[in-house]
Amino acid sequence: MKKLLKLTSLSLVATTAMFAAGYKIPETSTNAVALGAANIAHNHENADAAYYNPAKMIFMSNTNHIEADLMYVGLEEIDYKGTVRGTATSENSENEDFLIPSFNYVSPKLGEHDVRVGLSIVSPGGLSKRWKGAQAIQTAEEFTLQIVEVNPTLAFQISENVGFAVGVRGVYSSGIVKSSAAASRDMTGDNFNVGYNLAFAYKPTKALEFGLTYRSKVDLDESGSAKLKIGSATVYDGGTNVSIPLPAALSIAAAYTFPTKTTVEAVYEKTYWSAYKALDFNYASPISPILVPYFDDSIAKNWKDTNTFRLGITQTLDKLTLMAGLVIDETPVPDQTLGFELPDTDATSVSLGGRYQLNDRMNIGFSGLYSMHKDRTISAADNNENGIVGEFSDGNILIISAGIGYKF
């Protein structure tokens, strides 16, 4: 019980199992959805370069670029069959539907200097997971989280074919956690935390492009309130805080454009999930020693760094640009610490999309991505700390995005 209680509180600060392994959202724009986020090396026509590789802004036409996108996300229910601490159960999470907006802006050159300003407002993560069954609701009756990142950037032209950029990550998060058990909780929390990002772009020839980006770890130090109960009796009603990492990520990309105006981009992404070693809560006032095993013991997480491989293909026609993508993603969650709040699995995603140039100033885009999550079996030999022995299945994800770009 003690570990179940604290694991649920993860959603106050975690980003998501909705879109990628772990709890982050790599696809935040229409082009990123179409290409599976393989738009780091070859990205100098759309304002979302401000987020995916702001160093590419130096290669954009000398004018204002803006882009607004709206993304629909549909989460298929997750099924679980097996036992929880020896009790046989068959449970399902709820289906979930969301609309997520984003905005990107790139400035013209600042005066006579080879400097550009970018601004992105995106949702780099978010979590919603609700379960129905008697075992799962002990940890995940409701997880609701909203994450918004405001990311201003500056890009500098080092030479004719080299760019460098630096930015500040301002991350706001707010969430709700509810669970129902003999020991239950009702928690809310929010906070604002800061990190940074760096980017590099190199274009040695007209056809060949390289990109490198690094997004720093952001320690999400959530503060809020908690109401803890044993049965119907309230045993704590006051402040609480906890910190977990939004992990650092490094992306290395290369793109080549063939004479047919076909661009192929490959991206390797390393996400440093190993920074998430344990989950530990602090309370504004001491809780009874009798309650410590239920609400205040540190829980080892011991997540692992992950590798993600992205492949994007872009075909430029007259006024139409077609795109497709493939993503192979690992889960950072080990078998030993897997729980209902984040029953993460390895995933493979495929995507398609396109943009149409309406006139010299305006274009529109539409894209879709389908993420297929593997079934995951936890055996008794895995010694799962939450008492899980069984199989998680389904939980696939559909993303549809539409956007409009404008230059002025």
# chains A, B, ... in the order shown; residues from 1 in each chain; ligands from 1

call {"tool": "residues_around", "arguments": {"residues": "Phe210 in chain A", "least_positions_apart": "3", "cutoff": "6 Å", "atoms": "only C-alpha atoms", "output": "ChimeraX atom specification"}}
result
/A:41,201-202,253-254

call {"tool": "write_last_selection", "arguments": {"atoms": "N, CA and C atoms", "output": "short mmCIF file (atom, residue, chain, number, x, y, z; two decimals), in the first residue's frame"}}
result
data_model
loop_
_atom_site.label_atom_id
_atom_site.label_comp_id
_atom_site.auth_asym_id
_atom_site.auth_seq_id
_atom_site.Cartn_x
_atom_site.Cartn_y
_atom_site.Cartn_z
N ALA A 41 17.42 18.36 -38.71
CA ALA A 41 18.46 18.78 -39.66
C ALA A 41 17.87 19.56 -40.82
N ALA A 201 23.47 23.91 -36.24
CA ALA A 201 23.09 23.54 -37.61
C ALA A 201 24.28 23.76 -38.53
N TYR A 202 24.50 22.79 -39.40
CA TYR A 202 25.62 22.85 -40.35
C TYR A 202 25.13 22.37 -41.70
N ALA A 253 21.14 14.62 -35.90
CA ALA A 253 20.38 14.38 -37.13
C ALA A 253 21.20 14.69 -38.37
N ALA A 254 20.89 13.97 -39.44
CA ALA A 254 21.49 14.23 -40.75
C ALA A 254 20.40 14.10 -41.80
#

call {"tool": "select_by_dssp", "arguments": {"residues": "range 14-196 of chain A", "states": "helix (DSSP H, G or I)", "output": "number ranges by chain"}}
result
A: 30-35, 49-52, 54-59, 137-140

call {"tool": "residues_around", "arguments": {"residues": "range 360-363 of chain A", "least_positions_apart": "5", "cutoff": "6 Å", "atoms": "only C-alpha atoms", "output": "list of chain:residue names"}}
result
A:Ile404, A:Gly405, A:Tyr406, A:Lys407

call {"tool": "write_last_selection", "arguments": {"atoms": "C-alpha atoms", "output": "compact mmCIF listing (two decimals), in the first residue's frame"}}
result
# COMPACT_ATOMS: atom_id res chain seq x y z
CA ILE A 404 -1.45 27.22 -40.59
CA GLY A 405 1.76 29.07 -41.36
CA TYR A 406 2.09 32.74 -42.33
CA LYS A 407 4.94 35.09 -43.35

call {"tool": "residues_around", "arguments": {"residues": "range 76-87 of chain A", "least_positions_apart": "5", "cutoff": "7 Å", "atoms": "only C-alpha atoms", "output": "ChimeraX atom specification"}}
result
/A:92-96,135,387-397

call {"tool": "atom_distance", "arguments": {"atom1": "CA of Leu358 in chain A", "atom2": "CA of Thr314 in chain A"}}
result
18.6 Å

call {"tool": "closest_residue", "arguments": {"among": "A:Tyr52, A:Tyr72, A:Phe156, A:Phe200", "to": "Gly36 in chain A", "atoms": "only C-alpha atoms"}}
result
A:Tyr52

call {"tool": "residues_around", "arguments": {"residues": "Tyr51 in chain A", "least_positions_apart": "2", "cutoff": "12 Å", "atoms": "only C-alpha atoms", "output": "number ranges by chain"}}
result
A: 26-29, 31-32, 37, 39-40, 43-44, 46-49, 53-57, 67, 102-106, 117-124, 149-155, 165-169, 196-199, 213-215

call {"tool": "select_by_dssp", "arguments": {"residues": "range 81-293 of chain A", "states": "strand (DSSP E)", "output": "VMD selection string"}}
result
chain A and resid 81 to 84 87 to 92 96 to 106 115 to 122 126 to 129 142 to 159 162 to 179 183 to 202 208 to 215 218 to 230 233 to 246 249 to 257 262 to 271 278 to 279 281 to 283

call {"tool": "closest_residue", "arguments": {"among": "A:Pro289, A:Gly224, A:Gly133, A:Pro343", "to": "Thr89 in chain A", "atoms": "only C-alpha atoms"}}
result
A:Gly133

call {"tool": "atom_distance", "arguments": {"atom1": "CA of Lys178 in chain A", "atom2": "CA of Ala380 in chain A"}}
result
28.2 Å

call {"tool": "residues_around", "arguments": {"residues": "range 271-274 of chain A", "least_positions_apart": "6", "cutoff": "10 Å", "atoms": "only C-alpha atoms", "output": "JSON list (two decimals) with C-alpha atoms, in the first residue's frame"}}
result
[["chain", "number", "residue", "atom", "x", "y", "z"],
["A", 21, "ALA", "CA", 8.33, 6.07, -24.05],
["A", 22, "GLY", "CA", 8.51, 7.70, -20.64],
["A", 23, "TYR", "CA", 6.50, 10.85, -20.18],
["A", 214, "TYR", "CA", 20.27, 19.47, -26.48],
["A", 215, "ARG", "CA", 17.44, 20.16, -24.08],
["A", 216, "SER", "CA", 18.51, 20.34, -20.44],
["A", 217, "LYS", "CA", 17.00, 18.49, -17.55],
["A", 245, "PRO", "CA", 13.28, 15.26, -13.45],
["A", 246, "LEU", "CA", 11.99, 16.20, -16.85],
["A", 247, "PRO", "CA", 15.03, 14.52, -18.38],
["A", 248, "ALA", "CA", 17.70, 15.96, -20.64],
["A", 249, "ALA", "CA", 17.64, 14.87, -24.29],
["A", 250, "LEU", "CA", 20.27, 14.92, -27.02],
["A", 251, "SER", "CA", 19.34, 14.63, -30.72],
["A", 301, "LYS", "CA", 12.48, 4.16, -9.62],
["A", 302, "ASN", "CA", 15.87, 3.42, -11.24],
["A", 303, "TRP", "CA", 14.79, 4.28, -14.78],
["A", 304, "LYS", "CA", 17.24, 3.76, -17.62],
["A", 305, "ASP", "CA", 18.45, 5.99, -20.46],
["A", 306, "THR", "CA", 16.68, 5.27, -23.74],
["A", 307, "ASN", "CA", 17.46, 5.37, -27.46],
["A", 308, "THR", "CA", 14.96, 6.57, -30.06],
["A", 330, "GLU", "CA", 12.19, 2.34, -26.00],
["A", 331, "THR", "CA", 10.59, 2.48, -22.58],
["A", 332, "PRO", "CA", 12.73, 3.67, -19.66],
["A", 333, "VAL", "CA", 10.62, 1.87, -17.03]]

call {"tool": "closest_residue", "arguments": {"among": "A:Ser379, A:Thr263, A:Ser223, A:Ser232", "to": "Ile244 in chain A", "atoms": "only C-alpha atoms"}}
result
A:Ser223
